[in-house]
$ cat final_25.cif   # mmCIF, C-alpha atoms
data_query
#
loop_
_atom_site.label_atom_id
_atom_site.label_comp_id
_atom_site.auth_asym_id
_atom_site.auth_seq_id
_atom_site.Cartn_x
_atom_site.Cartn_y
_atom_site.Cartn_z
CA MET A 98 21.25 3.83 -11.11
CA VAL A 99 20.09 2.04 -7.94
CA VAL A 100 16.49 3.17 -8.52
CA LEU A 101 16.52 1.97 -12.12
CA GLU A 102 17.94 -1.39 -11.14
CA GLN A 103 15.35 -1.78 -8.38
CA GLU A 104 12.48 -0.91 -10.71
CA ALA A 105 13.77 -3.44 -13.23
CA GLU A 106 13.90 -6.07 -10.51
CA ASP A 107 10.35 -5.15 -9.40
CA ARG A 108 9.11 -5.64 -12.94
CA LYS A 109 10.83 -9.04 -13.22
CA GLU A 110 9.34 -10.17 -9.91
CA MET A 111 5.83 -9.07 -10.86
CA LYS A 112 6.08 -10.87 -14.20
CA ARG A 113 7.13 -14.06 -12.42
CA GLU A 114 4.21 -13.82 -10.00
CA ASP A 115 1.61 -13.23 -12.67
CA THR A 116 3.02 -15.39 -15.48
CA ALA A 117 0.08 -17.76 -15.27
CA GLU A 118 -2.46 -14.94 -15.32
CA ILE A 119 -1.46 -13.22 -18.56
CA PRO A 120 -2.16 -16.18 -20.90
CA ARG A 121 -5.44 -16.74 -19.07
CA THR A 122 -6.58 -13.14 -19.60
CA ARG A 123 -5.64 -13.32 -23.28
CA ARG A 124 -7.88 -16.35 -23.68
CA PHE A 125 -10.84 -14.28 -22.43
CA ALA A 126 -11.17 -12.72 -25.87
CA GLU A 127 -10.76 -16.09 -27.60
CA LYS A 128 -13.47 -17.85 -25.58
CA PRO A 129 -16.18 -15.38 -24.50
CA ARG A 130 -18.30 -18.10 -22.84
CA GLY A 131 -15.63 -18.81 -20.24
CA HIS A 132 -14.79 -15.16 -19.64
CA ALA A 133 -16.85 -14.57 -16.49
CA ALA A 134 -15.76 -17.75 -14.73
CA ARG A 135 -12.10 -17.15 -15.44
CA ALA A 136 -12.34 -13.49 -14.42
CA ARG A 137 -13.61 -14.58 -11.03
CA ARG A 138 -10.48 -16.71 -10.61
CA LEU A 139 -8.15 -13.82 -11.48
CA THR A 140 -6.03 -12.88 -8.48
CA LEU A 141 -6.18 -9.17 -7.78
CA THR A 142 -3.22 -7.67 -5.95
CA THR A 143 -3.21 -4.52 -3.81
CA PRO A 144 -1.94 -2.40 -6.75
CA ASP A 145 -4.76 -3.80 -8.90
CA LEU A 146 -7.40 -2.86 -6.34
CA VAL A 147 -5.97 0.61 -5.75
CA LEU A 148 -6.05 1.34 -9.48
CA LEU A 149 -9.57 -0.03 -9.89
CA SER A 150 -10.71 2.33 -7.16
CA LEU A 151 -8.84 5.33 -8.57
CA LEU A 152 -10.05 4.80 -12.13
CA ALA A 153 -13.62 4.40 -10.87
CA GLU A 154 -13.45 8.09 -9.87
CA ARG A 155 -12.63 9.30 -13.39
CA PRO A 156 -10.70 8.18 -16.48
CA MET A 157 -6.93 8.72 -16.31
CA HIS A 158 -3.75 8.09 -18.29
CA GLY A 159 -1.18 5.89 -16.62
CA TYR A 160 0.97 8.97 -16.14
CA GLN A 161 -1.90 10.86 -14.53
CA ALA A 162 -2.69 7.90 -12.26
CA ASN A 163 0.90 7.87 -11.04
CA LEU A 164 0.83 11.60 -10.33
CA GLU A 165 -2.44 11.32 -8.43
CA LEU A 166 -1.21 8.37 -6.37
CA GLU A 167 1.89 10.33 -5.47
CA ARG A 168 -0.21 13.36 -4.54
CA ARG A 169 -2.28 11.19 -2.23
CA GLU A 170 0.93 9.72 -0.77
CA ILE A 171 -0.28 6.22 -1.57
CA ARG A 172 2.93 4.61 -0.33
CA ASP A 173 2.03 5.59 3.22
CA TRP A 174 -0.74 2.98 3.22
CA ALA A 175 -0.13 0.66 0.24
CA ALA A 176 3.00 -0.79 -1.36
CA LEU A 177 2.70 0.45 -4.92
CA SER A 178 5.66 1.39 -7.11
CA ARG A 179 5.59 3.19 -10.47
CA PRO A 180 6.38 -0.03 -12.45
CA GLN A 181 3.54 -1.81 -10.63
CA VAL A 182 1.07 0.84 -11.79
CA TYR A 183 1.82 0.23 -15.47
CA TYR A 184 1.94 -3.52 -15.04
CA SER A 185 -1.43 -3.53 -13.24
CA LEU A 186 -2.98 -1.34 -15.95
CA GLU A 187 -1.99 -3.86 -18.61
CA LYS A 188 -3.19 -6.78 -16.49
CA LEU A 189 -6.56 -5.18 -15.69
CA ALA A 190 -7.11 -4.18 -19.31
CA HIS A 191 -6.47 -7.75 -20.50
CA ALA A 192 -8.97 -9.00 -17.92
CA GLY A 193 -11.63 -6.54 -19.03
CA LEU A 194 -11.73 -4.83 -15.62
CA ILE A 195 -10.72 -1.46 -17.08
CA LEU A 196 -11.41 -0.04 -20.50
CA ALA A 197 -8.73 1.69 -22.57
CA ALA A 198 -9.49 4.33 -25.18
CA GLU A 199 -7.03 6.33 -27.26
CA THR A 200 -7.15 10.09 -26.78
CA GLY A 201 -5.40 13.06 -28.25
CA GLU A 202 -4.93 14.71 -24.86
CA LEU A 203 -1.31 15.14 -23.82
CA ALA A 204 -0.33 13.90 -20.37
CA GLY A 205 3.32 14.65 -19.81
CA GLY A 206 4.27 13.06 -23.10
CA PRO A 207 2.83 11.71 -26.36
CA GLU A 208 -0.66 10.26 -26.83
CA ARG A 209 -1.56 7.74 -24.17
CA SER A 210 -4.41 5.39 -23.41
CA THR A 211 -7.03 6.65 -20.99
CA PHE A 212 -8.36 3.99 -18.63
CA GLN A 213 -11.63 3.74 -16.75
CA THR A 214 -12.97 1.00 -14.48
CA THR A 215 -15.69 -1.08 -16.12
CA ALA A 216 -18.82 -2.44 -14.45
CA LYS A 217 -17.05 -5.79 -14.26
CA GLY A 218 -14.08 -4.09 -12.61
CA ARG A 219 -16.27 -2.39 -10.02
CA GLU A 220 -17.90 -5.73 -9.26
CA ALA A 221 -14.50 -7.41 -8.86
CA LEU A 222 -13.37 -4.63 -6.53
CA ALA A 223 -16.55 -4.89 -4.47
CA ASP A 224 -16.07 -8.67 -4.18
CA ALA A 225 -12.48 -8.20 -3.02
CA LEU A 226 -13.53 -5.68 -0.37
CA GLU A 227 -15.85 -8.27 1.19
CA GLN A 228 -12.98 -10.64 2.03
CA LYS A 229 -12.47 -11.05 5.78
CA ASP A 230 -8.65 -10.95 5.45
CA TRP A 231 -8.83 -7.16 5.40
CA THR A 232 -10.04 -7.18 9.00
CA THR A 233 -8.17 -10.12 10.52
CA GLN A 234 -4.52 -9.35 9.72
CA ARG A 235 -2.03 -8.26 12.36
CA GLU A 236 0.82 -5.90 11.56
CA ARG A 237 4.42 -6.78 12.38
CA PRO A 238 6.18 -3.44 12.93
CA PRO A 239 9.97 -3.68 12.45
CA PHE A 240 10.53 -1.62 15.61
CA LEU A 241 8.85 -4.28 17.74
CA THR A 242 11.04 -6.97 16.17
CA TRP A 243 14.08 -4.83 16.96
CA MET A 244 12.93 -4.39 20.56
CA ALA A 245 12.51 -8.16 21.03
CA LEU A 246 16.14 -8.63 19.95
CA SER A 247 17.55 -5.49 21.55
CA TRP A 248 18.86 -7.26 24.66
CA GLN A 249 21.69 -8.52 22.42
CA ALA A 250 22.69 -5.00 21.35
CA ARG A 251 25.91 -3.35 22.46
CA PRO A 252 25.86 -0.96 25.45
CA GLY A 253 24.20 2.36 24.66
CA VAL A 254 22.53 1.14 21.47
CA PHE A 255 19.08 0.75 23.05
CA GLU A 256 19.11 4.37 24.22
CA ARG A 257 20.28 5.69 20.82
CA GLN A 258 17.79 3.68 18.83
CA ALA A 259 14.92 4.61 21.13
CA GLU A 260 15.76 8.27 20.68
CA ARG A 261 15.97 7.83 16.88
CA ARG A 262 12.52 6.28 16.94
CA ARG A 263 11.14 9.13 19.06
CA GLU A 264 12.57 11.73 16.66
CA PHE A 265 11.08 9.84 13.70
CA LEU A 266 7.68 9.73 15.39
CA GLU A 267 7.76 13.46 16.08
CA LYS A 268 8.46 14.18 12.41
CA GLU A 269 5.74 11.81 11.23
CA ILE A 270 3.21 13.32 13.63
CA GLY A 271 3.95 16.76 12.24
CA ARG A 272 3.70 15.51 8.66
CA GLU A 273 0.43 13.66 9.26
CA LYS A 274 -1.11 16.77 10.83
CA GLU A 275 -0.26 18.72 7.67
CA VAL A 276 -1.72 15.96 5.51
CA LEU A 277 -4.88 15.89 7.59
CA ASP A 278 -5.31 19.66 7.24
CA SER A 279 -4.92 19.45 3.45
CA ILE A 280 -7.43 16.60 3.23
CA LEU A 281 -9.99 18.49 5.30
CA LYS A 282 -9.64 21.48 2.97
CA GLU A 283 -10.10 19.24 -0.09
CA VAL A 284 -13.09 17.18 1.07
CA GLY A 285 -14.72 19.97 3.06
CA HIS A 286 -15.94 17.82 5.96
CA PRO A 287 -14.50 15.37 8.54
CA TYR A 288 -16.67 12.38 7.58
CA HIS A 289 -14.52 10.92 4.80
CA GLU A 290 -12.41 7.75 4.57
CA ALA A 291 -9.22 9.73 3.96
CA VAL A 292 -9.83 11.78 7.12
CA TRP A 293 -10.47 8.65 9.16
CA MET A 294 -7.37 6.92 7.76
CA VAL A 295 -4.98 9.77 8.53
CA SER A 296 -6.60 10.35 11.92
CA LEU A 297 -5.97 6.71 12.83
CA VAL A 298 -2.33 6.86 11.73
CA LEU A 299 -1.87 10.10 13.65
CA GLU A 300 -3.33 8.64 16.83
CA GLN A 301 -1.19 5.50 16.47
CA PHE A 302 1.98 7.59 16.15
CA GLU A 303 1.00 9.73 19.14
CA THR A 304 0.24 6.65 21.23
CA GLU A 305 3.58 5.07 20.35
CA ARG A 306 5.41 8.31 21.10
CA ASN A 307 3.85 8.50 24.56
CA TRP A 308 4.62 4.84 25.18
CA LEU A 309 8.21 5.32 24.04
CA LYS A 310 8.68 8.24 26.42
CA ARG A 311 7.69 5.91 29.26
CA VAL A 312 10.10 3.23 28.02
CA GLN A 313 12.91 5.78 27.93
CA ARG A 314 12.20 6.66 31.56
CA GLU A 315 12.15 2.99 32.58
CA MET A 316 15.06 1.63 30.51
CA LYS A 317 17.51 1.91 33.42
CA LEU A 318 15.34 -0.57 35.33
CA ARG A 319 15.37 -3.17 32.57
CA GLY A 320 16.37 -6.66 33.67
CA PRO A 321 16.26 -10.27 32.45
CA ALA A 322 13.26 -12.55 33.01
CA LYS A 323 13.21 -13.93 36.56
CA ASN A 324 11.25 -17.07 35.70
CA PRO A 325 12.15 -18.04 32.11
CA GLU A 326 10.39 -21.03 30.58
CA TYR A 327 11.45 -22.99 27.50
CA ALA A 328 9.67 -25.47 25.30
CA GLU A 329 10.30 -29.10 26.16
CA GLU A 330 10.89 -31.80 23.54
#

$ encode --input "final_25.cif" --output "structure tokens"
Amino acid sequence: MVVLEQEAEDRKEMKREDTAEIPRTRRFAEKPRGHAARARRLTLTTPDLVLLSLLAERPMHGYQANLELERREIRDWAALSRPQVYYSLEKLAHAGLILAAETGELAGGPERSTFQTTAKGREALADALEQKDWTTQRERPPFLTWMALSWQARPGVFERQAERRREFLEKEIGREKEVLDSILKEVGHPYHEAVWMVSLVLEQFETERNWLKRVQREMKLRGPAKNPEYAEE
């Protein structure tokens, strides 16, 4: 019940965000001359870009796309829910960035539309990948926020939470190693974006684990700032 309610809320939120885009994409078919200019103004979200990339590999049903995204554990590196996949498919089809064709092939249910990225869609994806925001964003890990506030925690909480984080990191390191092995078997060589991605995540987890071990050794020495400074009015 909780999952269904959350998915319904996700769909409502996505419709609110893209309300202005849907009428605009519908007008593409009504006014062909303005199609290209308006398509350039269409805002593409992360789910949109992920689907454009996936469907550029080969045509897929929405159901198949969901299965493949789950197999690739997409949620480890992009926020993309099942409702978002179907909403993005409809949005991209209206914009002419993917092409839908009816097929008699069964994909976990009745006949479905098979989608493939169009030349216009590949161009839009390529344009999006040139944006500098991809390379100039800084992550805000929740654990660092917790650590900044941890001096207000009750006695013993810092130690327990640090150990929980270490246990989590150990599990994730093990899982990422398994994922990396499966990717290497699938692609057949180490020079692939999926290998590089998982290798980076693995090294980040290992670095944090080693850092956390040091923090656990030093936590008994923790003390308040000796020379605190505050902003003046």

$ closest_residue --input "final_25.cif" --among "A:Gly285, A:Ala259, A:Glu329, A:Glu269" --to "Leu299 of chain A" --atoms "all atoms listed in the file"
A:Glu269

$ residues_around --input "final_25.cif" --residues "Arg219 of chain A" --least-positions-apart "4" --cutoff "12 Å" --atoms "all atoms listed in the file" --output "list in words"
Asp145, Leu146, Val147, Leu148, Leu149, Ser150, Leu151, Leu152, Ala153, Glu154, Leu189, Gly193, Leu194, Ile195, Leu196, Gln213, Thr214, Thr215, Ala223, Asp224, Ala225 and Leu226 of chain A

$ write_last_selection --input "final_25.cif" --atoms "C-alpha atoms" --output "mmCIF file, in the frame of the given file"
data_model
loop_
_atom_site.group_PDB
_atom_site.id
_atom_site.type_symbol
_atom_site.label_atom_id
_atom_site.label_comp_id
_atom_site.auth_asym_id
_atom_site.auth_seq_id
_atom_site.Cartn_x
_atom_site.Cartn_y
_atom_site.Cartn_z
ATOM 1 C CA ASP A 145 -4.760 -3.800 -8.900
ATOM 2 C CA LEU A 146 -7.400 -2.860 -6.340
ATOM 3 C CA VAL A 147 -5.970 0.610 -5.750
ATOM 4 C CA LEU A 148 -6.050 1.340 -9.480
ATOM 5 C CA LEU A 149 -9.570 -0.030 -9.890
ATOM 6 C CA SER A 150 -10.710 2.330 -7.160
ATOM 7 C CA LEU A 151 -8.840 5.330 -8.570
ATOM 8 C CA LEU A 152 -10.050 4.800 -12.130
ATOM 9 C CA ALA A 153 -13.620 4.400 -10.870
ATOM 10 C CA GLU A 154 -13.450 8.090 -9.870
ATOM 11 C CA LEU A 189 -6.560 -5.180 -15.690
ATOM 12 C CA GLY A 193 -11.630 -6.540 -19.030
ATOM 13 C CA LEU A 194 -11.730 -4.830 -15.620
ATOM 14 C CA ILE A 195 -10.720 -1.460 -17.080
ATOM 15 C CA LEU A 196 -11.410 -0.040 -20.500
ATOM 16 C CA GLN A 213 -11.630 3.740 -16.750
ATOM 17 C CA THR A 214 -12.970 1.000 -14.480
ATOM 18 C CA THR A 215 -15.690 -1.080 -16.120
ATOM 19 C CA ALA A 223 -16.550 -4.890 -4.470
ATOM 20 C CA ASP A 224 -16.070 -8.670 -4.180
ATOM 21 C CA ALA A 225 -12.480 -8.200 -3.020
ATOM 22 C CA LEU A 226 -13.530 -5.680 -0.370
#

$ resolve_selection --input "final_25.cif" --expression "the PyMOL selection byres ((chain A and resi 158-167) around 9)" --output "list of chain:residue names"
A:Leu148, A:Leu151, A:Leu152, A:Pro156, A:Met157, A:Arg168, A:Arg169, A:Glu170, A:Ile171, A:Arg172, A:Leu177, A:Ser178, A:Arg179, A:Val182, A:Tyr183, A:Leu186, A:Ala204, A:Gly205, A:Gly206, A:Arg209, A:Ser210, A:Thr211, A:Phe212

$ closest_residue --input "final_25.cif" --among "A:Trp231, A:Trp308, A:Phe240, A:Trp248" --to "Gly320 of chain A" --atoms "all atoms listed in the file"
A:Trp248

$ closest_residue --input "final_25.cif" --among "A:Phe255, A:Pro287, A:Thr242, A:Arg237" --to "Glu315 of chain A" --atoms "all atoms listed in the file"
A:Phe255

$ closest_residue --input "final_25.cif" --among "A:Met316, A:Trp174, A:Ala192, A:Lys323" --to "Ala291 of chain A" --atoms "only C-alpha atoms"
A:Trp174

$ closest_residue --input "final_25.cif" --among "A:Glu267, A:Gln181, A:Ala198, A:Glu236" --to "Thr143 of chain A" --atoms "all atoms listed in the file"
A:Gln181

$ closest_residue --input "final_25.cif" --among "A:Val254, A:Ala328, A:Val298, A:Val292" --to "Gly271 of chain A" --atoms "all atoms listed in the file"
A:Val298

$ atom_distance --input "final_25.cif" --atom1 "atom CA of Val276 of chain A" --atom2 "atom CA of Val295 of chain A"
7.6 Å

$ atom_distance --input "final_25.cif" --atom1 "atom CA of His191 of chain A" --atom2 "atom CA of Ala216 of chain A"
14.7 Å

$ atom_distance --input "final_25.cif" --atom1 "atom CA of Tyr184 of chain A" --atom2 "atom CA of Thr140 of chain A"
13.9 Å

$ build_atoms --input "final_25.cif" --residues "segment 300-325 of chain A" --atoms "N, CA and C atoms" --output "compact mmCIF listing (two decimals), in the coordinates of the input"
# COMPACT_ATOMS: atom_id res chain seq x y z
N GLU A 300 -3.12 9.08 15.46
CA GLU A 300 -3.33 8.64 16.83
C GLU A 300 -2.38 7.49 17.19
N GLN A 301 -2.11 6.60 16.22
CA GLN A 301 -1.19 5.50 16.47
C GLN A 301 0.22 6.03 16.74
N PHE A 302 0.66 7.00 15.94
CA PHE A 302 1.98 7.59 16.15
C PHE A 302 2.05 8.29 17.51
N GLU A 303 1.01 9.02 17.86
CA GLU A 303 1.00 9.73 19.14
C GLU A 303 1.01 8.76 20.31
N THR A 304 0.26 7.66 20.17
CA THR A 304 0.24 6.65 21.23
C THR A 304 1.61 6.01 21.39
N GLU A 305 2.25 5.67 20.27
CA GLU A 305 3.58 5.07 20.35
C GLU A 305 4.60 6.05 20.93
N ARG A 306 4.49 7.31 20.55
CA ARG A 306 5.41 8.31 21.10
C ARG A 306 5.28 8.40 22.62
N ASN A 307 4.06 8.43 23.11
CA ASN A 307 3.85 8.50 24.56
C ASN A 307 4.34 7.24 25.26
N TRP A 308 4.12 6.10 24.62
CA TRP A 308 4.62 4.84 25.18
C TRP A 308 6.14 4.83 25.20
N LEU A 309 6.75 5.32 24.13
CA LEU A 309 8.21 5.32 24.04
C LEU A 309 8.82 6.24 25.08
N LYS A 310 8.18 7.35 25.38
CA LYS A 310 8.68 8.24 26.42
C LYS A 310 8.72 7.50 27.76
N ARG A 311 7.70 6.69 28.01
CA ARG A 311 7.69 5.91 29.26
C ARG A 311 8.81 4.88 29.27
N VAL A 312 9.02 4.22 28.11
CA VAL A 312 10.10 3.23 28.02
C VAL A 312 11.45 3.90 28.27
N GLN A 313 11.64 5.08 27.73
CA GLN A 313 12.91 5.78 27.93
C GLN A 313 13.13 6.11 29.41
N ARG A 314 12.06 6.39 30.13
CA ARG A 314 12.20 6.66 31.56
C ARG A 314 12.52 5.39 32.34
N GLU A 315 12.02 4.25 31.84
CA GLU A 315 12.15 2.99 32.58
C GLU A 315 13.34 2.14 32.14
N MET A 316 14.04 2.53 31.07
CA MET A 316 15.06 1.63 30.51
C MET A 316 16.19 1.31 31.49
N LYS A 317 16.46 2.20 32.44
CA LYS A 317 17.51 1.91 33.42
C LYS A 317 17.12 0.79 34.37
N LEU A 318 15.85 0.48 34.45
CA LEU A 318 15.34 -0.57 35.33
C LEU A 318 15.23 -1.91 34.62
N ARG A 319 15.55 -1.94 33.34
CA ARG A 319 15.37 -3.17 32.57
C ARG A 319 16.22 -4.30 33.12
N GLY A 320 15.64 -5.50 33.18
CA GLY A 320 16.37 -6.66 33.67
C GLY A 320 15.90 -7.91 32.97
N PRO A 321 16.64 -9.01 33.08
CA PRO A 321 16.26 -10.27 32.45
C PRO A 321 15.05 -10.90 33.13
N ALA A 322 14.41 -11.85 32.44
CA ALA A 322 13.26 -12.55 33.01
C ALA A 322 13.68 -13.33 34.25
N LYS A 323 12.88 -13.24 35.30
CA LYS A 323 13.21 -13.93 36.56
C LYS A 323 12.77 -15.39 36.54
N ASN A 324 11.76 -15.71 35.76
CA ASN A 324 11.25 -17.07 35.70
C ASN A 324 11.11 -17.54 34.25
N PRO A 325 12.23 -17.64 33.53
CA PRO A 325 12.15 -18.04 32.11
C PRO A 325 11.65 -19.47 31.93
